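Contents: one structure, followed by commentary.
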There are 2 protein chains.
Amino acid sequence: MKKITVFSPASVANVGPGFDVMGFALSSVGDTLTAEMSSEQGVRIRKITGDDGKLPKDVDKNTASIGATSVMEKLGIEGGMEITLNKGLRLNSGLGSSGASAVAGAFAAMKLFAPEKEKGFVLEDCVKAEAAVSGNHADNVAPSLFGGFVIIRSYEPLDIIRLKSPTKLFATVVTPDYEVSTKEARAILPSSVPMKSLVHNTGNVAALVAGIAMNDCAIIGRSISDSIIEPVRAKLIPGYASVKKAAMDSGALGCAIAGSGPSMFAFSDSGKKAIEISNAMAKAFEREGLSSDKLVSKVNGEGAKVIGK
Amino acid sequence: MKKITVFSPASVANVGPGFDVMGFALSSVGDTLTAEMSSEQGVRIRKITGDDGKLPKDVDKNTASIGATSVMEKLGIEGGMEITLNKGLRLNSGLGSSGASAVAGAFAAMKLFAPEKEKGFVLEDCVKAEAAVSGNHADNVAPSLFGGFVIIRSYEPLDIIRLKSPTKLFATVVTPDYEVSTKEARAILPSSVPMKSLVHNTGNVAALVAGIAMNDCAIIGRSISDSIIEPVRAKLIPGYASVKKAAMDSGALGCAIAGSGPSMFAFSDSGKKAIEISNAMAKAFEREGLSSDKLVSKVNGEGAKVIGK
């Protein structure tokens, strides 16, 4: 029986003005999934660790197994696969936890049953799996799968554009010990936006992409500006304004909510600054009575990968 | 008495999803302006040609003289300047006619009185002059001044990002003999837009910039998609749908309204195709009983320039 272990990184979606259309992958933090072929038809979840018992083992409800099942059905595989999943990131943290699992499951199934395929083969399966638990958006799964910065140009048909990250760019991510439900964070969004805000956000997302492509960290930083989603979601995060101020005062080029929060991320142009920023942000959360996890990371350029056989 | 002649190119604003935030400069078509120092204080318009007598010679109402005056006041110039303006593009065509004049006037004043300055010195003056006649937007003046593709990240403060155009990219522009007032084209726009359309336009404008930066004409083409402004303004242009279809059927990578119309532009990846597309688009306008001017151009990489002394 063949066996494979994959790592699928956490990711930051939205990235300021890029609501539902941009994301980037983080290093070191993510899901580790071991998949083993079995003779019994279909996917089963053998064990999940690191989730405090919160995630469903029901194969129809866990994004890892939904992703894996989708890939196996597409390949017409007769036979099965058993999954052991280690969650390396907190649920509902805003770092694409369900997306990382979806990618881990789908990518592992591909590597086990059709290793000659390219990653793009499983993208739709990842989006489908993510959609089953948290809506049809690809801005977490695409960076988890491919790495780097990713643009979702279109959902139907799915059209993804990948961008390499500037090598000097560092991301700081701070996750307070506080839960924001993705569903609630969606529910409070307005159904329409003023024309002026459209111009603000399109101008900034265009500049953000230009900054990434031109290797210009300063442009990236000042393009992290969203006049639509962030002002609404800020209310869900205790201390939002003071955390952002702490980041900017410590040398961050830009700072925003990661995904739907409560994690917040900041960009900077050196590892030293990124650490100082993480300390300042964590202290600001502390003043709200919240402890937090800190993470400093370059943008992960490789995405999901095989780490063991 | 010193004298200078400058050329300021026409431009295409909006560029599909980039309403008020993107534009690019055209080659060969534009305004030619001769400015001559004079001892009499202030700016005067000596002569305007190519406008069928439609443009005001009142220095407070013509963007060329407003732009020139603004620059001279900023420089604290004692003395004056006389302008001769030759309009090389039709008014209200959607190709940034007033913007080209604003740039011509401001740039000529700078070259005459402070030739050591960089173009960025007069950008605010150009925007101010344009605003005096057609609203506060920089997506025509910035490309006319600098050339290439330009992103307007922010209006306050004004923050412009320039991008080189892919060398293989060709623009076809067809201007029917039909007038669309810029004011009317603004007045019919909705004051708010659905969240779904925001996601569509931000995704496409992000991809458009990525395509330009990555030298990928196919990505540029399929990013020329606007779900907000174009569907509304299409109604102002007779034959819009059939002109667009004619362009796409002739090999265009993308096609949209130039600025607020009635000109329409299409992108392609060869000069031969660009000409075929221009013929097909003109024929489609002909079926609506409209003759039209055709133009095939690479993106103009240099913007406003001195062509005579």
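All residue names refer to the structure tokens as shown: chains lettered A, B, ... in order, residues numbered from 1 in each chain, ligands numbered from 1 in order.
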### Message
Only residues of chain B matter here; which ones have an atom within 9 Å of chain A, counting only C-alpha atoms? Give them as a VMD selection string.
### Response
chain B and resid 17 to 22 151 to 155 160 to 163 189 to 211 213 to 214 219 223
### Task
Write out as a list in words the residues lying within 9 Å of Asn62 of chain B, counting only C-alpha atoms and excluding same-chain residues fewer than 5 positions away.
Ile45, Leu55, Pro56, Lys57, Gly67, Ser98, Ser101, Ala102, Ala129, Ala132 and Val133 of chain B
I need the chosen residues saved as a PDB file, in the first residue's frame, with all heavy atoms.
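As written to disk, out_15.pdb reads:
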```pdb
ATOM      1  N   ILE B  45      -4.192  82.746 -25.564  1.00  0.00           N
ATOM      2  CA  ILE B  45      -4.335  81.790 -26.658  1.00  0.00           C
ATOM      3  C   ILE B  45      -4.394  82.571 -27.962  1.00  0.00           C
ATOM      4  O   ILE B  45      -5.318  83.359 -28.192  1.00  0.00           O
ATOM      5  CB  ILE B  45      -5.601  80.927 -26.489  1.00  0.00           C
ATOM      6  CG1 ILE B  45      -5.503  80.112 -25.192  1.00  0.00           C
ATOM      7  CG2 ILE B  45      -5.780  80.004 -27.689  1.00  0.00           C
ATOM      8  CD1 ILE B  45      -6.731  79.296 -24.862  1.00  0.00           C
ATOM      9  N   LEU B  55     -13.623  75.144 -29.547  1.00  0.00           N
ATOM     10  CA  LEU B  55     -12.975  75.327 -28.242  1.00  0.00           C
ATOM     11  C   LEU B  55     -12.889  76.791 -27.844  1.00  0.00           C
ATOM     12  O   LEU B  55     -12.673  77.658 -28.686  1.00  0.00           O
ATOM     13  CB  LEU B  55     -11.569  74.729 -28.265  1.00  0.00           C
ATOM     14  CG  LEU B  55     -11.484  73.212 -28.114  1.00  0.00           C
ATOM     15  CD1 LEU B  55     -10.028  72.769 -28.210  1.00  0.00           C
ATOM     16  CD2 LEU B  55     -12.074  72.754 -26.788  1.00  0.00           C
ATOM     17  N   PRO B  56     -13.041  77.088 -26.554  1.00  0.00           N
ATOM     18  CA  PRO B  56     -12.956  78.471 -26.078  1.00  0.00           C
ATOM     19  C   PRO B  56     -11.517  78.999 -26.129  1.00  0.00           C
ATOM     20  O   PRO B  56     -10.578  78.272 -25.819  1.00  0.00           O
ATOM     21  CB  PRO B  56     -13.434  78.378 -24.625  1.00  0.00           C
ATOM     22  CG  PRO B  56     -13.164  76.973 -24.220  1.00  0.00           C
ATOM     23  CD  PRO B  56     -13.312  76.133 -25.449  1.00  0.00           C
ATOM     24  N   LYS B  57     -11.392  80.268 -26.502  1.00  0.00           N
ATOM     25  CA  LYS B  57     -10.069  80.899 -26.451  1.00  0.00           C
ATOM     26  C   LYS B  57      -9.893  81.647 -25.132  1.00  0.00           C
ATOM     27  O   LYS B  57      -8.821  82.189 -24.848  1.00  0.00           O
ATOM     28  CB  LYS B  57      -9.892  81.850 -27.635  1.00  0.00           C
ATOM     29  CG  LYS B  57      -9.605  81.102 -28.931  1.00  0.00           C
ATOM     30  CD  LYS B  57      -9.194  82.086 -30.013  1.00  0.00           C
ATOM     31  CE  LYS B  57      -9.030  81.364 -31.337  1.00  0.00           C
ATOM     32  NZ  LYS B  57      -8.902  82.303 -32.443  1.00  0.00           N
ATOM     33  N   GLY B  67      -3.768  74.850 -17.628  1.00  0.00           N
ATOM     34  CA  GLY B  67      -2.589  74.074 -17.221  1.00  0.00           C
ATOM     35  C   GLY B  67      -1.336  74.935 -17.234  1.00  0.00           C
ATOM     36  O   GLY B  67      -0.526  74.907 -16.292  1.00  0.00           O
ATOM     37  N   SER B  98      -9.511  66.908 -23.850  1.00  0.00           N
ATOM     38  CA  SER B  98      -9.226  68.009 -22.924  1.00  0.00           C
ATOM     39  C   SER B  98      -7.978  67.703 -22.088  1.00  0.00           C
ATOM     40  O   SER B  98      -7.196  68.595 -21.765  1.00  0.00           O
ATOM     41  CB  SER B  98     -10.426  68.257 -22.002  1.00  0.00           C
ATOM     42  OG  SER B  98     -10.757  67.097 -21.280  1.00  0.00           O
ATOM     43  N   SER B 101      -4.827  68.445 -24.117  1.00  0.00           N
ATOM     44  CA  SER B 101      -4.563  69.890 -24.156  1.00  0.00           C
ATOM     45  C   SER B 101      -3.996  70.380 -22.822  1.00  0.00           C
ATOM     46  O   SER B 101      -3.082  71.212 -22.784  1.00  0.00           O
ATOM     47  CB  SER B 101      -5.852  70.662 -24.462  1.00  0.00           C
ATOM     48  OG  SER B 101      -6.243  70.464 -25.798  1.00  0.00           O
ATOM     49  N   ALA B 102      -4.562  69.876 -21.728  1.00  0.00           N
ATOM     50  CA  ALA B 102      -4.076  70.261 -20.395  1.00  0.00           C
ATOM     51  C   ALA B 102      -2.596  69.934 -20.260  1.00  0.00           C
ATOM     52  O   ALA B 102      -1.789  70.752 -19.792  1.00  0.00           O
ATOM     53  CB  ALA B 102      -4.874  69.536 -19.307  1.00  0.00           C
ATOM     54  N   ALA B 129      -6.247  71.346 -14.321  1.00  0.00           N
ATOM     55  CA  ALA B 129      -6.779  71.901 -15.572  1.00  0.00           C
ATOM     56  C   ALA B 129      -7.899  71.010 -16.118  1.00  0.00           C
ATOM     57  O   ALA B 129      -8.960  71.497 -16.523  1.00  0.00           O
ATOM     58  CB  ALA B 129      -5.658  72.042 -16.603  1.00  0.00           C
ATOM     59  N   ALA B 132     -11.120  71.382 -14.254  1.00  0.00           N
ATOM     60  CA  ALA B 132     -11.868  72.622 -14.519  1.00  0.00           C
ATOM     61  C   ALA B 132     -12.920  72.439 -15.603  1.00  0.00           C
ATOM     62  O   ALA B 132     -13.929  73.138 -15.618  1.00  0.00           O
ATOM     63  CB  ALA B 132     -10.897  73.732 -14.920  1.00  0.00           C
ATOM     64  N   VAL B 133     -12.690  71.470 -16.513  1.00  0.00           N
ATOM     65  CA  VAL B 133     -13.699  71.279 -17.562  1.00  0.00           C
ATOM     66  C   VAL B 133     -14.420  69.930 -17.511  1.00  0.00           C
ATOM     67  O   VAL B 133     -15.538  69.803 -17.987  1.00  0.00           O
ATOM     68  CB  VAL B 133     -13.127  71.465 -18.993  1.00  0.00           C
ATOM     69  CG1 VAL B 133     -12.460  72.825 -19.127  1.00  0.00           C
ATOM     70  CG2 VAL B 133     -12.164  70.356 -19.351  1.00  0.00           C
TER      71      VAL B 133
END
```
### Task
Name the residues in contact with Asn92 of chain B at a cut-off of 12 Å, using only C-alpha atoms, excluding same-chain residues fewer than 4 positions from it; report them as a list in words.
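These residues fall inside the cut-off: Ala10, Asp51, Lys54, Leu55, Gly96, Ser97, Ser98, Gly99, Val133, Ser134, Thr175, Pro176, Asp177, Tyr178, Glu179, Val180, Ser181, Thr182, Lys183, Glu184, Ala185, Ala258, Gly259, Ser260, Gly261, Pro262 and Ser263 of chain B.
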### Task
Write down as JSON, numbers by chain the residues belonging to segment 83-274 of chain A that are assigned strand (DSSP E) by DSSP computed on the backbone.
{"A": [83, 84, 85, 86, 149, 150, 151, 152, 153, 154, 159, 160, 161, 162, 163, 170, 171, 172, 173, 174, 175, 176, 192, 193, 194, 254, 255, 256, 257, 264, 265, 266, 267, 268]}
### Task
Check the smallest atom-to-atom distance from each of A:Ile77, A:Ala280, A:Ala104, A:Ala234 to Met248 of chain A using only C-alpha atoms, then report the winner.
A:Ala280
#### Entry: Å distance separating atom CA of Ser297 of chain B from atom CA of Leu95 of chain B, one decimal place
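One can read the atom CA of Ser297 of chain B to atom CA of Leu95 of chain B distance as 13.0 Å.
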### Task
Using only C-alpha atoms, pick whichever of A:Val12, A:Ala100, A:Leu145, A:Val6 has the shortest atom-to-atom distance to Gly120 of chain A.
A:Leu145
### Task
Enter the distance from atom CA of Phe267 of chain B to atom CA of Ala171 of chain B, in Å, rounded to one decimal.
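Between atom CA of Phe267 of chain B and atom CA of Ala171 of chain B the gap is 4.7 Å.
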### Message
Residues near Thr32 of chain B, anyone? I mean within 10 Å using only C-alpha atoms, not counting same-chain ones fewer than 3 positions away, as a list of chain:residue names.
### Response
B:Thr5, B:Val6, B:Phe7, B:Ser8, B:Pro9, B:Val29, B:Thr49, B:Thr84, B:Leu85, B:Asn86, B:Lys87, B:Gly88, B:Ala100, B:Ser101, B:Ala104, B:Gly105, B:Ala304, B:Lys305, B:Val306, B:Ile307
### Query
So, counting only C-alpha atoms, which residue among A:Ser27, A:Gln41, A:Asn279, A:Ser270 is closest to Gly76 of chain A?
A:Gln41
### Query
Mind pulling up the distance from atom CA of Leu26 of chain A to atom CA of Ile4 of chain A?
22.0 Å
### Task
as a PyMOL selection string, list the residues of segment 28-178 of chain A assigned to helix (DSSP H, G or I) by DSSP on the backbone atoms of this structure.
chain A and resi 63-75+97-113+119-134+141-146
With C-alpha atoms retained, write the just-selected residues as a PDB file, in the first residue's frame.
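Writing done, so here's result-v5.pdb:
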```
ATOM      1  CA  THR A  63     -12.685  19.821   3.423  1.00  0.00           C
ATOM      2  CA  ALA A  64      -9.664  17.473   3.340  1.00  0.00           C
ATOM      3  CA  SER A  65     -11.799  14.434   2.572  1.00  0.00           C
ATOM      4  CA  ILE A  66     -14.164  16.347   0.280  1.00  0.00           C
ATOM      5  CA  GLY A  67     -11.174  17.535  -1.758  1.00  0.00           C
ATOM      6  CA  ALA A  68      -9.631  14.079  -1.878  1.00  0.00           C
ATOM      7  CA  THR A  69     -12.927  12.443  -2.865  1.00  0.00           C
ATOM      8  CA  SER A  70     -13.452  14.948  -5.671  1.00  0.00           C
ATOM      9  CA  VAL A  71     -10.016  14.238  -7.145  1.00  0.00           C
ATOM     10  CA  MET A  72     -10.432  10.447  -6.866  1.00  0.00           C
ATOM     11  CA  GLU A  73     -13.831  10.559  -8.551  1.00  0.00           C
ATOM     12  CA  LYS A  74     -12.439  12.716 -11.353  1.00  0.00           C
ATOM     13  CA  LEU A  75      -9.627  10.196 -11.852  1.00  0.00           C
ATOM     14  CA  SER A  97      -7.667  26.782   7.745  1.00  0.00           C
ATOM     15  CA  SER A  98     -10.410  24.995   5.827  1.00  0.00           C
ATOM     16  CA  GLY A  99      -8.705  25.937   2.554  1.00  0.00           C
ATOM     17  CA  ALA A 100      -5.374  24.496   3.660  1.00  0.00           C
ATOM     18  CA  SER A 101      -7.119  21.216   4.527  1.00  0.00           C
ATOM     19  CA  ALA A 102      -8.960  21.177   1.190  1.00  0.00           C
ATOM     20  CA  VAL A 103      -5.656  21.597  -0.638  1.00  0.00           C
ATOM     21  CA  ALA A 104      -3.903  19.004   1.527  1.00  0.00           C
ATOM     22  CA  GLY A 105      -6.566  16.390   0.777  1.00  0.00           C
ATOM     23  CA  ALA A 106      -6.861  17.075  -2.949  1.00  0.00           C
ATOM     24  CA  PHE A 107      -3.111  17.414  -3.497  1.00  0.00           C
ATOM     25  CA  ALA A 108      -2.356  14.229  -1.558  1.00  0.00           C
ATOM     26  CA  ALA A 109      -4.924  12.290  -3.590  1.00  0.00           C
ATOM     27  CA  MET A 110      -3.363  13.562  -6.824  1.00  0.00           C
ATOM     28  CA  LYS A 111       0.174  12.734  -5.705  1.00  0.00           C
ATOM     29  CA  LEU A 112      -0.937   9.263  -4.631  1.00  0.00           C
ATOM     30  CA  PHE A 113      -3.048   8.277  -7.631  1.00  0.00           C
ATOM     31  CA  LYS A 119      -1.206  21.190  -9.485  1.00  0.00           C
ATOM     32  CA  GLY A 120      -3.683  23.002 -11.713  1.00  0.00           C
ATOM     33  CA  PHE A 121      -5.456  19.663 -12.146  1.00  0.00           C
ATOM     34  CA  VAL A 122      -6.868  19.806  -8.606  1.00  0.00           C
ATOM     35  CA  LEU A 123      -7.655  23.515  -8.277  1.00  0.00           C
ATOM     36  CA  GLU A 124     -11.364  23.112  -9.003  1.00  0.00           C
ATOM     37  CA  ASP A 125     -11.569  20.279  -6.479  1.00  0.00           C
ATOM     38  CA  CYS A 126     -10.005  22.490  -3.819  1.00  0.00           C
ATOM     39  CA  VAL A 127     -12.455  25.314  -4.528  1.00  0.00           C
ATOM     40  CA  LYS A 128     -15.366  22.851  -4.446  1.00  0.00           C
ATOM     41  CA  ALA A 129     -14.238  21.457  -1.098  1.00  0.00           C
ATOM     42  CA  GLU A 130     -13.810  24.948   0.370  1.00  0.00           C
ATOM     43  CA  ALA A 131     -17.227  25.942  -0.952  1.00  0.00           C
ATOM     44  CA  ALA A 132     -18.822  23.030   0.895  1.00  0.00           C
ATOM     45  CA  VAL A 133     -17.956  24.588   4.251  1.00  0.00           C
ATOM     46  CA  SER A 134     -17.341  28.307   3.753  1.00  0.00           C
ATOM     47  CA  VAL A 141      -7.043  27.601  -1.647  1.00  0.00           C
ATOM     48  CA  ALA A 142      -5.213  28.988  -4.692  1.00  0.00           C
ATOM     49  CA  PRO A 143      -2.263  30.406  -2.705  1.00  0.00           C
ATOM     50  CA  SER A 144      -2.166  27.299  -0.450  1.00  0.00           C
ATOM     51  CA  LEU A 145      -1.925  25.149  -3.566  1.00  0.00           C
ATOM     52  CA  PHE A 146       0.403  27.207  -5.760  1.00  0.00           C
TER      53      PHE A 146
END
```
